[in-house]
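Participant: Contents of query_8.csv (CSV, C-alpha atoms and all ligand atoms) are given next:
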chain,number,residue,atom,x,y,z
E,247,MET,CA,22.6,-54.5,-36.0
E,248,ALA,CA,20.3,-53.2,-38.9
E,249,LYS,CA,17.4,-51.1,-37.9
E,250,ARG,CA,14.1,-52.9,-38.1
E,251,GLU,CA,11.4,-51.0,-39.9
E,252,ARG,CA,8.7,-50.8,-37.2
E,253,LYS,CA,10.3,-51.7,-33.8
E,254,VAL,CA,9.5,-49.4,-30.9
E,255,VAL,CA,11.3,-49.4,-27.5
E,256,VAL,CA,9.5,-47.6,-24.7
E,257,ILE,CA,11.5,-46.8,-21.6
E,258,GLY,CA,9.2,-46.0,-18.7
E,259,ALA,CA,6.2,-48.2,-18.0
E,260,GLY,CA,4.2,-45.6,-16.1
E,261,SER,CA,1.0,-43.9,-17.0
E,262,VAL,CA,2.4,-42.1,-20.1
E,263,GLY,CA,4.4,-45.1,-21.5
E,264,THR,CA,1.5,-47.5,-21.1
E,265,SER,CA,-1.2,-45.1,-22.5
E,266,TYR,CA,1.0,-44.5,-25.5
E,267,ILE,CA,1.5,-48.3,-26.1
E,268,TYR,CA,-2.2,-49.0,-25.6
E,269,ALA,CA,-3.0,-46.5,-28.3
E,270,LEU,CA,-0.1,-47.4,-30.6
E,271,LEU,CA,-1.0,-51.1,-30.6
E,272,GLN,CA,-4.5,-50.4,-31.9
E,273,THR,CA,-3.1,-48.6,-35.0
E,274,GLY,CA,-1.2,-51.5,-36.4
E,275,MET,CA,1.8,-49.2,-37.0
E,276,ALA,CA,4.3,-51.1,-34.9
E,277,GLU,CA,5.6,-54.6,-35.6
E,278,GLU,CA,7.2,-55.0,-32.2
E,279,VAL,CA,7.1,-53.1,-28.9
E,280,ALA,CA,9.6,-53.6,-26.1
E,281,LEU,CA,8.9,-52.1,-22.7
E,282,ILE,CA,11.7,-51.3,-20.2
E,283,ASP,CA,11.4,-50.0,-16.7
E,284,LEU,CA,13.4,-50.1,-13.5
E,285,ASP,CA,10.4,-51.8,-12.0
E,286,ARG,CA,10.6,-55.2,-13.8
E,287,GLY,CA,7.5,-56.6,-12.1
E,288,ARG,CA,5.5,-53.7,-13.4
E,289,VAL,CA,6.8,-54.4,-16.9
E,290,GLU,CA,5.8,-58.0,-16.7
E,291,GLY,CA,2.3,-57.1,-15.5
E,292,GLU,CA,1.8,-54.5,-18.3
E,293,VAL,CA,3.1,-56.8,-21.0
E,294,MET,CA,0.8,-59.6,-19.8
E,295,ASP,CA,-2.2,-57.3,-19.6
E,296,LEU,CA,-1.6,-55.8,-23.1
E,297,SER,CA,-0.9,-59.2,-24.6
E,298,HIS,CA,-4.3,-60.5,-23.5
E,299,GLY,CA,-5.9,-58.0,-26.0
E,300,LEU,CA,-3.7,-59.0,-28.9
E,301,GLN,CA,-6.4,-61.1,-30.6
E,302,PHE,CA,-8.5,-58.0,-31.0
E,303,ILE,CA,-6.0,-55.8,-32.8
E,304,PRO,CA,-3.6,-55.9,-35.8
E,305,PRO,CA,-0.7,-58.3,-35.4
E,306,VAL,CA,2.1,-57.0,-33.1
E,307,ARG,CA,4.7,-58.5,-30.7
E,308,ILE,CA,5.0,-57.0,-27.3
E,309,LYS,CA,7.6,-58.0,-24.8
E,310,ALA,CA,9.5,-57.0,-21.6
E,311,GLY,CA,12.6,-55.5,-23.1
E,312,GLU,CA,16.3,-55.0,-22.4
E,313,TYR,CA,18.5,-52.1,-23.5
E,314,GLU,CA,19.9,-54.3,-26.2
E,315,ASP,CA,16.5,-54.0,-27.9
E,316,CYS,CA,17.6,-50.4,-28.8
E,317,ALA,CA,20.2,-51.8,-31.3
E,318,ASP,CA,17.6,-52.6,-34.0
E,319,ALA,CA,14.8,-50.3,-33.0
E,320,SER,CA,13.3,-47.6,-35.3
E,321,MET,CA,12.2,-45.5,-32.4
E,322,ILE,CA,13.1,-45.2,-28.7
E,323,VAL,CA,10.5,-43.3,-26.6
E,324,VAL,CA,11.7,-42.2,-23.2
E,325,THR,CA,8.9,-41.6,-20.7
E,326,ALA,CA,10.8,-42.7,-17.5
E,327,GLY,CA,11.1,-40.3,-14.6
E,328,ALA,CA,9.2,-38.4,-12.0
E,329,LYS,CA,6.0,-36.6,-12.9
E,330,GLN,CA,4.8,-33.1,-11.8
E,331,ALA,CA,3.2,-32.9,-8.4
E,332,PRO,CA,0.2,-30.6,-8.0
E,333,GLY,CA,1.4,-27.0,-8.3
E,334,GLN,CA,4.9,-28.1,-9.4
E,335,SER,CA,6.2,-26.6,-12.6
E,336,ARG,CA,7.9,-28.8,-15.3
E,337,ALA,CA,11.1,-26.9,-14.7
E,338,ASP,CA,11.1,-28.0,-11.0
E,339,LEU,CA,11.5,-31.6,-12.1
E,340,ILE,CA,14.8,-31.1,-13.7
E,341,ARG,CA,17.4,-32.3,-11.2
E,342,THR,CA,15.8,-35.7,-10.6
E,343,ASN,CA,14.9,-36.3,-14.2
E,344,ALA,CA,18.2,-35.2,-15.7
E,345,LYS,CA,19.9,-37.9,-13.7
E,346,ILE,CA,17.5,-40.5,-14.8
E,347,VAL,CA,17.8,-39.5,-18.5
E,348,THR,CA,21.6,-39.4,-18.3
E,349,ALA,CA,21.6,-42.9,-16.9
E,350,ILE,CA,19.2,-44.1,-19.6
E,351,CYS,CA,21.3,-42.6,-22.3
E,352,ASP,CA,24.4,-44.3,-21.0
E,353,GLN,CA,22.5,-47.6,-21.2
E,354,ILE,CA,21.3,-46.9,-24.8
E,355,SER,CA,24.9,-45.9,-25.8
E,356,ARG,CA,26.1,-49.4,-25.1
E,357,TYR,CA,24.4,-50.6,-28.3
E,358,PRO,CA,25.0,-48.9,-31.6
E,359,SER,CA,21.6,-47.8,-32.9
E,360,GLU,CA,20.1,-45.9,-35.8
E,361,ALA,CA,16.9,-45.2,-34.0
E,362,ILE,CA,15.1,-41.9,-33.6
E,363,LEU,CA,14.9,-41.1,-29.9
E,364,VAL,CA,11.8,-39.2,-28.7
E,365,MET,CA,12.1,-37.6,-25.3
E,366,VAL,CA,8.8,-37.2,-23.4
E,367,THR,CA,10.0,-36.9,-19.8
E,368,ASN,CA,9.6,-33.4,-18.4
E,369,PRO,CA,11.0,-30.8,-18.6
E,370,VAL,CA,11.0,-32.2,-22.1
E,371,ASP,CA,13.0,-29.5,-24.0
E,372,THR,CA,15.9,-29.5,-21.5
E,373,LEU,CA,15.9,-33.3,-21.3
E,374,THR,CA,15.9,-33.6,-25.1
E,375,GLN,CA,19.1,-31.5,-25.0
E,376,VAL,CA,20.6,-33.5,-22.2
E,377,ALA,CA,19.9,-36.7,-24.2
E,378,LEU,CA,21.3,-35.2,-27.4
E,379,GLU,CA,24.5,-34.1,-25.8
E,380,ARG,CA,24.9,-37.4,-23.8
E,381,LEU,CA,24.3,-39.7,-26.8
E,382,GLY,CA,26.2,-37.5,-29.3
E,383,TRP,CA,23.8,-38.5,-32.1
E,384,PRO,CA,22.9,-36.1,-35.0
E,385,ARG,CA,20.4,-33.5,-34.0
E,386,GLN,CA,17.7,-34.7,-36.3
E,387,ARG,CA,17.6,-38.1,-34.5
E,388,VAL,CA,17.1,-36.8,-30.9
E,389,ILE,CA,13.8,-35.0,-30.6
E,390,GLY,CA,11.3,-34.2,-28.0
E,391,SER,CA,7.5,-34.5,-28.0
E,392,GLY,CA,7.7,-30.8,-27.3
E,393,THR,CA,4.5,-28.8,-28.0
E,394,VAL,CA,2.8,-31.4,-30.1
E,395,LEU,CA,0.3,-31.9,-27.2
E,396,ASP,CA,0.0,-28.2,-26.6
E,397,THR,CA,-0.7,-27.7,-30.3
E,398,ALA,CA,-3.4,-30.3,-30.1
E,399,ARG,CA,-4.9,-28.5,-27.1
E,400,PHE,CA,-4.7,-25.2,-29.0
E,401,LYS,CA,-6.5,-26.7,-32.1
E,402,PHE,CA,-9.1,-28.3,-29.9
E,403,MET,CA,-9.8,-25.0,-28.1
E,404,LEU,CA,-9.9,-23.0,-31.3
E,405,SER,CA,-12.1,-25.5,-33.0
E,406,ARG,CA,-14.5,-25.4,-30.0
E,407,HIS,CA,-14.5,-21.6,-29.9
E,408,CYS,CA,-15.1,-21.3,-33.7
E,409,GLY,CA,-17.5,-24.3,-33.8
E,410,ILE,CA,-15.4,-25.8,-36.6
E,411,ASP,CA,-13.9,-29.3,-36.9
E,412,ALA,CA,-10.3,-29.3,-35.5
E,413,ARG,CA,-9.1,-30.8,-38.7
E,414,ASN,CA,-10.0,-27.5,-40.5
E,415,VAL,CA,-7.9,-25.5,-38.0
E,416,HIS,CA,-4.2,-25.2,-38.5
E,417,ALA,CA,-2.4,-23.5,-35.6
E,418,TYR,CA,0.8,-24.0,-33.6
E,419,ILE,CA,2.1,-23.6,-30.1
E,420,ILE,CA,5.8,-23.1,-30.2
E,421,GLY,CA,8.7,-22.6,-27.8
E,422,GLU,CA,9.0,-24.4,-24.4
E,423,HIS,CA,6.6,-27.1,-23.5
E,424,GLY,CA,5.9,-25.1,-20.3
E,425,ASP,CA,5.0,-21.8,-18.9
E,426,SER,CA,6.8,-19.7,-21.6
E,427,GLU,CA,5.2,-21.4,-24.6
E,428,VAL,CA,4.0,-19.1,-27.4
E,429,ALA,CA,0.7,-19.2,-29.4
E,430,ALA,CA,1.8,-18.5,-33.0
E,431,TRP,CA,-1.3,-16.7,-34.1
E,432,SER,CA,0.5,-15.4,-37.2
E,433,LEU,CA,0.7,-19.0,-38.5
E,434,SER,CA,-2.9,-19.9,-37.6
E,435,HIS,CA,-5.5,-20.6,-40.3
E,436,VAL,CA,-9.2,-21.6,-40.2
E,437,ALA,CA,-10.6,-23.1,-43.4
E,438,GLY,CA,-7.3,-22.1,-45.1
E,439,ILE,CA,-7.8,-18.4,-44.2
E,440,PRO,CA,-5.4,-16.6,-41.9
E,441,ILE,CA,-7.3,-16.5,-38.5
E,442,GLY,CA,-7.5,-12.7,-38.4
E,443,ASP,CA,-9.2,-12.6,-41.8
E,444,TYR,CA,-11.5,-15.5,-40.8
E,445,CYS,CA,-12.6,-13.6,-37.7
E,446,LYS,CA,-13.6,-10.6,-39.9
E,447,ILE,CA,-15.7,-12.9,-42.1
E,448,CYS,CA,-17.2,-14.7,-39.1
E,449,GLY,CA,-17.9,-11.5,-37.1
E,450,VAL,CA,-19.2,-13.4,-34.0
E,451,CYS,CA,-16.7,-12.2,-31.4
E,452,ASP,CA,-14.0,-9.6,-30.8
E,453,SER,CA,-11.0,-11.8,-31.7
E,454,SER,CA,-8.5,-9.5,-30.1
E,455,ARG,CA,-10.1,-10.3,-26.7
E,456,TYR,CA,-10.3,-14.1,-26.9
E,457,ARG,CA,-6.7,-14.7,-28.0
E,458,LYS,CA,-5.1,-14.2,-24.6
E,459,GLN,CA,-7.8,-16.3,-22.9
E,460,ILE,CA,-7.4,-19.2,-25.2
E,461,ALA,CA,-3.6,-19.2,-25.0
E,462,GLU,CA,-3.8,-19.2,-21.2
E,463,GLN,CA,-6.2,-22.1,-21.2
E,464,VAL,CA,-3.8,-24.1,-23.4
E,465,ARG,CA,-0.8,-23.2,-21.2
E,466,ASP,CA,-2.6,-24.0,-18.0
E,467,SER,CA,-4.3,-27.2,-19.1
E,468,ALA,CA,-1.8,-29.6,-17.6
E,469,TYR,CA,-2.0,-27.8,-14.2
E,470,HIS,CA,-5.8,-28.2,-14.2
E,471,ILE,CA,-5.7,-31.9,-15.2
E,472,ILE,CA,-3.1,-32.6,-12.5
E,473,ASP,CA,-5.3,-30.9,-9.9
E,474,TYR,CA,-8.3,-33.0,-11.0
E,475,LYS,CA,-6.8,-36.4,-11.5
E,476,GLY,CA,-3.1,-36.4,-10.5
E,477,SER,CA,-1.4,-36.6,-13.9
E,478,THR,CA,-1.9,-36.4,-17.7
E,479,TYR,CA,-1.4,-39.3,-20.0
E,480,TYR,CA,-4.1,-39.9,-22.6
E,481,GLY,CA,-3.5,-36.7,-24.6
E,482,ILE,CA,0.3,-37.2,-24.6
E,483,GLY,CA,-0.2,-40.9,-25.5
E,484,LEU,CA,-2.2,-40.0,-28.6
E,485,SER,CA,0.3,-37.2,-29.4
E,486,LEU,CA,3.1,-39.8,-29.3
E,487,VAL,CA,1.1,-42.0,-31.7
E,488,ARG,CA,0.9,-39.1,-34.1
E,489,ILE,CA,4.7,-38.6,-33.9
E,490,SER,CA,5.2,-42.3,-34.3
E,491,GLY,CA,3.2,-42.3,-37.4
E,492,ALA,CA,5.3,-39.6,-38.9
E,493,ILE,CA,8.5,-41.6,-38.2
E,494,LEU,CA,7.4,-45.2,-38.8
E,495,ARG,CA,5.4,-44.4,-42.0
E,496,ASN,CA,7.8,-41.6,-43.2
E,497,GLU,CA,4.9,-39.2,-43.4
E,498,ASN,CA,6.9,-36.0,-43.5
E,499,SER,CA,4.3,-34.5,-41.2
E,500,VAL,CA,4.6,-30.9,-39.9
E,501,LEU,CA,4.8,-31.3,-36.1
E,502,THR,CA,6.0,-29.0,-33.4
E,503,VAL,CA,8.5,-31.4,-31.9
E,504,SER,CA,11.4,-30.1,-29.8
E,505,THR,CA,14.6,-29.9,-31.8
E,506,LEU,CA,18.0,-28.2,-31.5
E,507,LEU,CA,17.9,-24.8,-33.1
E,508,GLN,CA,21.2,-23.7,-34.7
E,509,GLY,CA,20.3,-20.2,-35.9
E,510,GLU,CA,16.7,-20.9,-37.0
E,511,TYR,CA,14.4,-18.2,-35.6
E,512,GLY,CA,17.6,-16.4,-34.4
E,513,ILE,CA,18.1,-19.0,-31.7
E,514,HIS,CA,21.4,-20.9,-31.2
E,515,GLY,CA,22.0,-24.1,-29.2
E,516,ILE,CA,18.6,-24.6,-27.5
E,517,CYS,CA,16.1,-27.4,-28.0
E,518,LEU,CA,12.6,-26.1,-28.3
E,519,SER,CA,9.5,-26.6,-30.5
E,520,VAL,CA,8.9,-24.9,-33.9
E,521,PRO,CA,7.1,-26.5,-36.9
E,522,CYS,CA,9.3,-29.3,-38.2
E,523,ILE,CA,8.9,-31.8,-41.0
E,524,VAL,CA,9.2,-35.2,-39.4
E,525,GLY,CA,9.8,-38.4,-41.2
E,526,ASP,CA,11.8,-41.7,-40.8
E,527,HIS,CA,15.0,-39.8,-40.4
E,528,GLY,CA,13.5,-37.7,-37.6
E,529,VAL,CA,13.5,-34.0,-38.2
E,530,VAL,CA,14.0,-33.7,-41.9
E,531,ARG,CA,13.6,-29.9,-42.0
E,532,ILE,CA,13.0,-27.1,-39.5
E,533,ILE,CA,10.5,-24.6,-41.0
E,534,ASP,CA,12.0,-21.2,-40.3
E,535,ALA,CA,8.8,-19.2,-40.7
E,536,GLN,CA,8.4,-15.5,-40.3
E,537,LEU,CA,6.6,-14.7,-37.0
E,538,ALA,CA,4.9,-11.5,-35.9
E,539,SER,CA,7.4,-9.4,-34.0
E,540,ASP,CA,5.7,-9.9,-30.5
E,541,GLU,CA,5.7,-13.7,-31.2
E,542,GLN,CA,9.4,-13.7,-32.2
E,543,GLU,CA,10.2,-11.8,-29.0
E,544,ALA,CA,8.2,-14.3,-26.9
E,545,LEU,CA,10.0,-17.2,-28.6
E,546,THR,CA,13.4,-15.6,-27.8
E,547,HIS,CA,12.2,-15.2,-24.2
E,548,SER,CA,11.1,-18.9,-24.1
E,549,ALA,CA,14.5,-20.0,-25.4
E,550,GLN,CA,16.1,-18.0,-22.6
E,551,ALA,CA,13.9,-19.6,-20.0
E,552,ILE,CA,14.9,-23.1,-21.3
E,553,GLY,CA,18.5,-21.9,-21.3
E,554,LYS,CA,18.3,-21.1,-17.6
E,555,THR,CA,16.9,-24.5,-16.7
E,556,LEU,CA,19.6,-26.1,-18.8
E,557,ALA,CA,22.2,-24.1,-16.9
E,558,THR,CA,21.0,-25.7,-13.6
E,559,VAL,CA,21.6,-29.2,-15.1
E,560,ARG,CA,25.0,-28.4,-16.5
E,561,GLN,CA,26.2,-27.5,-13.0
E,562,ALA,CA,24.8,-30.7,-11.7
E,563,PRO,CA,24.2,-34.1,-13.1
E,564,THR,CA,25.8,-37.2,-11.6
E,565,PRO,CA,24.4,-40.2,-13.4
E,566,ILE,CA,22.6,-42.7,-11.2
E,567,ALA,CA,22.8,-46.4,-11.7
E,601,LIG,P1,4.9,-42.5,-13.8
E,601,LIG,O1,5.4,-42.2,-12.4
E,601,LIG,O2,3.5,-43.1,-13.9
E,601,LIG,O3,5.9,-43.5,-14.5
E,601,LIG,C1,7.3,-43.2,-14.6
E,601,LIG,C2,8.0,-44.5,-14.7
E,601,LIG,O4,9.4,-44.3,-14.9
E,601,LIG,C3,7.9,-45.5,-13.5
E,601,LIG,O5,7.3,-46.7,-13.9
E,601,LIG,C4,9.3,-45.6,-13.0
E,601,LIG,O6,9.6,-46.9,-12.5
E,601,LIG,C5,10.1,-45.4,-14.3
E,601,LIG,N1,11.5,-45.0,-14.1
E,601,LIG,C6,12.0,-44.1,-13.2
E,601,LIG,N2,13.3,-44.1,-13.3
E,601,LIG,C7,13.7,-45.0,-14.3
E,601,LIG,C8,14.9,-45.4,-14.9
E,601,LIG,N3,16.1,-44.9,-14.5
E,601,LIG,N4,14.8,-46.3,-15.9
E,601,LIG,C9,13.7,-46.9,-16.3
E,601,LIG,N5,12.5,-46.5,-15.8
E,601,LIG,C10,12.5,-45.6,-14.8
E,601,LIG,O7,5.0,-41.1,-14.6
E,601,LIG,P2,4.2,-40.7,-15.9
E,601,LIG,O8,2.9,-40.1,-15.5
E,601,LIG,O9,4.2,-41.9,-16.9
E,601,LIG,O10,5.1,-39.5,-16.5
E,601,LIG,C11,6.3,-39.8,-17.0
E,601,LIG,C12,7.0,-38.5,-17.5
E,601,LIG,O11,6.3,-38.0,-18.6
E,601,LIG,C13,7.0,-37.4,-16.4
E,601,LIG,O12,8.3,-36.7,-16.4
E,601,LIG,C14,5.9,-36.5,-16.9
E,601,LIG,O13,6.1,-35.1,-16.4
E,601,LIG,C15,6.1,-36.6,-18.4
E,601,LIG,N6,5.0,-36.1,-19.2
E,601,LIG,C16,5.3,-35.5,-20.3
E,601,LIG,C17,4.4,-34.9,-21.2
E,601,LIG,C18,4.8,-34.2,-22.4
E,601,LIG,O14,3.9,-33.6,-23.1
E,601,LIG,N7,6.1,-34.1,-22.7
E,601,LIG,C19,3.0,-35.1,-20.8
E,601,LIG,C20,2.7,-35.8,-19.7
E,601,LIG,C21,3.7,-36.3,-18.9
Mind turning the file's structure into structure tokens?

Facilitator:
Amino acid sequence: MAKRERKVVVIGAGSVGTSYIYALLQTGMAEEVALIDLDRGRVEGEVMDLSHGLQFIPPVRIKAGEYEDCADASMIVVTAGAKQAPGQSRADLIRTNAKIVTAICDQISRYPSEAILVMVTNPVDTLTQVALERLGWPRQRVIGSGTVLDTARFKFMLSRHCGIDARNVHAYIIGEHGDSEVAAWSLSHVAGIPIGDYCKICGVCDSSRYRKQIAEQVRDSAYHIIDYKGSTYYGIGLSLVRISGAILRNENSVLTVSTLLQGEYGIHGICLSVPCIVGDHGVVRIIDAQLASDEQEALTHSAQAIGKTLATVRQAPTPIA
């Protein structure tokens, strides 16, 4: 079946899936949204609730979906699975969620599809790779939300620190969406000026002292939010809208999605986040930038951490029905 230009299938009707849909519908980017979850009653309820707001937003169809909806979808967004409990790391979720993702991929595979699959379920880098291997699709079509959210948090915190609009701050968190993620200061710019040079002009603080603190705040954000309110969903929902825009509108945006590296940054055979150009074919190009040597070392360490999590899955997964 031919791919429809703006059809999105969302698998997982929990807090993340529904926050994403709620934000996506308001943009008018999608023509049709199909929602799938093991809990069919929940899907029916969410579809009814969202449909009652349709008269206030640009035209869109929203429905309770089936896996056959994947056949003509442009994007499949996977948010199904267990979420982090307070104090639990993303890597701890792996056994449960690898089984869920494997089962979902087997369902998707029943219908030939040209969609771009966006993995969101944690640990997202490992599960992007599980999905990529299970589906057997080209690497550019199976990507993870990766550190798009962490990058947004980084830009927010830098913009607040500098007192400058976040849209004038360019900076990236790369590597694992998790404890080993890396703040790529060498790629960071404020007002188009490399951040180290900008700090010399600004002169307000000792920049070497705040870097560690900001990177730690970014890394630990999810833990704090989970402690306060149980889970995170609005930030990731909006991050997914940004990724969706890049794909559905073929924007060729530079986003830190998780993608399989095959030699870029000296890393082979691991999905993690680095700046990528994202368009309607998924990852169109991986930007193989030169990092500072300590950042490259940290990125290599991050890849090793993901590799260890991946090894625990490769010993395990038995698909569940
Ligand atoms: P949630 O518990 O609210 O919802 C999960 C949903 O998945 C439930 O509705 C459940 O019925 C459904 N589900 C479980 N197994 C399924 C299956 N086999 N098929 C279809 N549906 C199934 O959880 P949430 O808060 O929405 O979080 C979802 C995932 O997103 C978690 O893994 C969480 O850690 C992750 N997350 C990722 C990021 C990121 O940046 N990548 C950010 C926040 C949350």

Participant: What lies within 12 Å of His514 of chain E using all atoms listed in the file, ignoring chain neighbours under 3 positions off, as a ChimeraX atom specification?

Facilitator: /E:505-511,517-518,546,549-550,553

Participant: For Gln334 of chain E, which residue among E:Tyr469, E:Asp411, E:Val487, E:Leu545 is the nearest when counting only C-alpha atoms?

Facilitator: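 Ranked by minimum distance to Gln334 of chain E, first place goes to E:Tyr469.
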
Participant: If you take all atoms listed in the file and a cut-off of 7 Å, which residues of chain E touch ligand LIG 601 (chain E), and what are their nearest atom pairs and distances in Å to one decimal, in chain and number order, as a tab-separated table?

Facilitator:
residue	atom	partner	partner_atom	distance
E:Ile257	CA	E:LIG601	C9	5.7
E:Gly258	CA	E:LIG601	O4	4.2
E:Ala259	CA	E:LIG601	O5	4.5
E:Gly260	CA	E:LIG601	O3	3.1
E:Ser261	CA	E:LIG601	O9	3.8
E:Val262	CA	E:LIG601	O9	3.7
E:Gly263	CA	E:LIG601	O9	5.6
E:Ile282	CA	E:LIG601	C9	6.2
E:Asp283	CA	E:LIG601	N5	3.8
E:Leu284	CA	E:LIG601	C9	4.3
E:Asp285	CA	E:LIG601	O6	5.0
E:Thr325	CA	E:LIG601	C12	4.8
E:Ala326	CA	E:LIG601	O4	3.4
E:Gly327	CA	E:LIG601	C6	4.1
E:Ala328	CA	E:LIG601	O12	4.8
E:Lys329	CA	E:LIG601	C13	3.7
E:Gln330	CA	E:LIG601	O13	5.2
E:Arg336	CA	E:LIG601	O13	6.6
E:Asn343	CA	E:LIG601	O12	7.0
E:Ile346	CA	E:LIG601	N3	4.6
E:Val347	CA	E:LIG601	N3	6.9
E:Ala349	CA	E:LIG601	N3	6.3
E:Ile350	CA	E:LIG601	N3	6.0
E:Val366	CA	E:LIG601	N7	4.2
E:Thr367	CA	E:LIG601	O12	3.8
E:Asn368	CA	E:LIG601	O12	4.1
E:Pro369	CA	E:LIG601	O12	6.9
E:Val370	CA	E:LIG601	N7	5.3
E:Ser391	CA	E:LIG601	N7	5.5
E:Gly392	CA	E:LIG601	N7	5.9
E:Thr393	CA	E:LIG601	O14	6.9
E:Leu395	CA	E:LIG601	O14	5.7
E:Ser477	CA	E:LIG601	O8	5.8
E:Thr478	CA	E:LIG601	C20	5.1
E:Tyr479	CA	E:LIG601	C20	5.4
E:Ile482	CA	E:LIG601	C19	5.1

Participant: Find the residue from E:Ala310, E:Ile472, E:Leu484, E:Pro305 that sits nearest to Ala280 of chain E; use all atoms listed in the file when measuring.

Facilitator: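 The shortest atom-to-atom distance to Ala280 of chain E comes from E:Ala310.
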
Participant: Could you tell me how far atom CA of Gln536 of chain E lies from atom CA of Gly421 of chain E, in Å and to one decimal?

Facilitator: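 Atom-to-atom, atom CA of Gln536 of chain E and atom CA of Gly421 of chain E are spaced 14.4 Å apart.
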
Participant: Would you mind reading off the distance between atom CA of Asp425 of chain E and atom CA of Asp443 of chain E, one decimal, in Å?

Facilitator: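 Value for the atom CA of Asp425 of chain E-atom CA of Asp443 of chain E distance: 28.5 Å.
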
Participant: Quick one, how far is atom CA of Ala492 of chain E from atom CA of Asp526 of chain E?

Facilitator: 7.1 Å

Participant: I'd like the contact shell of Ser297 of chain E - 9 Å cut-off, all atoms listed in the file, skipping same-chain residues fewer than 3 positions apart - returned as a PyMOL selection string.

Facilitator: chain E and resi 292-294+300-301+307-309

Participant: Extract, using all atoms listed in the file, all DNA, RNA and protein residues at most 12 Å from segment 527-529 of chain E, discarding same-chain residues fewer than 2 positions from it, and format them as an MDAnalysis selection string.

Facilitator: chainID E and resid 249 251 320:322 360:364 383:391 489:507 519:525 531:533

Participant: Skip Ala398 of chain E itself and residues of its chain fewer than 5 positions away, then list as a PyMOL selection string all residues within 9 Å of it, counting all atoms listed in the file.

Facilitator: chain E and resi 393+403+412+417-419+481+485

Participant: So, with all atoms listed in the file as the atoms that count, which of E:Ser548, E:Ser454, E:Ile267, E:Ala276 lies closest to Arg252 of chain E?

Facilitator: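 Closest candidate: E:Ala276.
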
Participant: Which residues, written as a PyMOL selection string, have at least one atom at most 12 Å from segment 431-440 of chain E, with all atoms listed in the file counted and residues fewer than 3 positions away on the same chain left out?

Facilitator: chain E and resi 397+400-401+404-405+407-420+428+443-448+453-454+456-458+460-461+520-521+533-542

Participant: Suppose we keep C-alpha atoms; can you now write the selection as a tab-separated table (two decimals), keeping the file's coordinate frame?

Facilitator:
chain	number	residue	atom	x	y	z
E	397	THR	CA	-0.70	-27.70	-30.30
E	400	PHE	CA	-4.70	-25.20	-29.00
E	401	LYS	CA	-6.50	-26.70	-32.10
E	404	LEU	CA	-9.90	-23.00	-31.30
E	405	SER	CA	-12.10	-25.50	-33.00
E	407	HIS	CA	-14.50	-21.60	-29.90
E	408	CYS	CA	-15.10	-21.30	-33.70
E	409	GLY	CA	-17.50	-24.30	-33.80
E	410	ILE	CA	-15.40	-25.80	-36.60
E	411	ASP	CA	-13.90	-29.30	-36.90
E	412	ALA	CA	-10.30	-29.30	-35.50
E	413	ARG	CA	-9.10	-30.80	-38.70
E	414	ASN	CA	-10.00	-27.50	-40.50
E	415	VAL	CA	-7.90	-25.50	-38.00
E	416	HIS	CA	-4.20	-25.20	-38.50
E	417	ALA	CA	-2.40	-23.50	-35.60
E	418	TYR	CA	0.80	-24.00	-33.60
E	419	ILE	CA	2.10	-23.60	-30.10
E	420	ILE	CA	5.80	-23.10	-30.20
E	428	VAL	CA	4.00	-19.10	-27.40
E	443	ASP	CA	-9.20	-12.60	-41.80
E	444	TYR	CA	-11.50	-15.50	-40.80
E	445	CYS	CA	-12.60	-13.60	-37.70
E	446	LYS	CA	-13.60	-10.60	-39.90
E	447	ILE	CA	-15.70	-12.90	-42.10
E	448	CYS	CA	-17.20	-14.70	-39.10
E	453	SER	CA	-11.00	-11.80	-31.70
E	454	SER	CA	-8.50	-9.50	-30.10
E	456	TYR	CA	-10.30	-14.10	-26.90
E	457	ARG	CA	-6.70	-14.70	-28.00
E	458	LYS	CA	-5.10	-14.20	-24.60
E	460	ILE	CA	-7.40	-19.20	-25.20
E	461	ALA	CA	-3.60	-19.20	-25.00
E	520	VAL	CA	8.90	-24.90	-33.90
E	521	PRO	CA	7.10	-26.50	-36.90
E	533	ILE	CA	10.50	-24.60	-41.00
E	534	ASP	CA	12.00	-21.20	-40.30
E	535	ALA	CA	8.80	-19.20	-40.70
E	536	GLN	CA	8.40	-15.50	-40.30
E	537	LEU	CA	6.60	-14.70	-37.00
E	538	ALA	CA	4.90	-11.50	-35.90
E	539	SER	CA	7.40	-9.40	-34.00
E	540	ASP	CA	5.70	-9.90	-30.50
E	541	GLU	CA	5.70	-13.70	-31.20
E	542	GLN	CA	9.40	-13.70	-32.20

Participant: Counting all atoms listed in the file, which of E:Leu381, E:Leu271, E:Gly311, E:Glu277 gets nearest to Gly299 of chain E?

Facilitator: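 Ranked by minimum distance to Gly299 of chain E, first place goes to E:Leu271.
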
Participant: Could you please give me, as a PyMOL selection string, the residues of protein, DNA or RNA lying at most 10 Å from (21.9, -30.9, -20.2) in the coordinate frame of the file, considering all atoms listed in the file?

Facilitator: chain E and resi 340+344-345+347-348+371-380+553+555-563

Participant: Pick the closest to Tyr480 of chain E from E:Ile303, E:Leu339, E:Ala468, E:Val289: which is it, counting all atoms listed in the file?

Facilitator: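 Among E:Ile303, E:Leu339, E:Ala468, E:Val289, it is E:Ala468 that comes nearest to Tyr480 of chain E.
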
Participant: Between E:Ala551, E:Ser335, E:Gly483, E:Gly382, which has the minimum distance to Cys351 of chain E (counting only C-alpha atoms)?

Facilitator: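 Of E:Ala551, E:Ser335, E:Gly483, E:Gly382, the one nearest Cys351 of chain E is E:Gly382, counting only C-alpha atoms.
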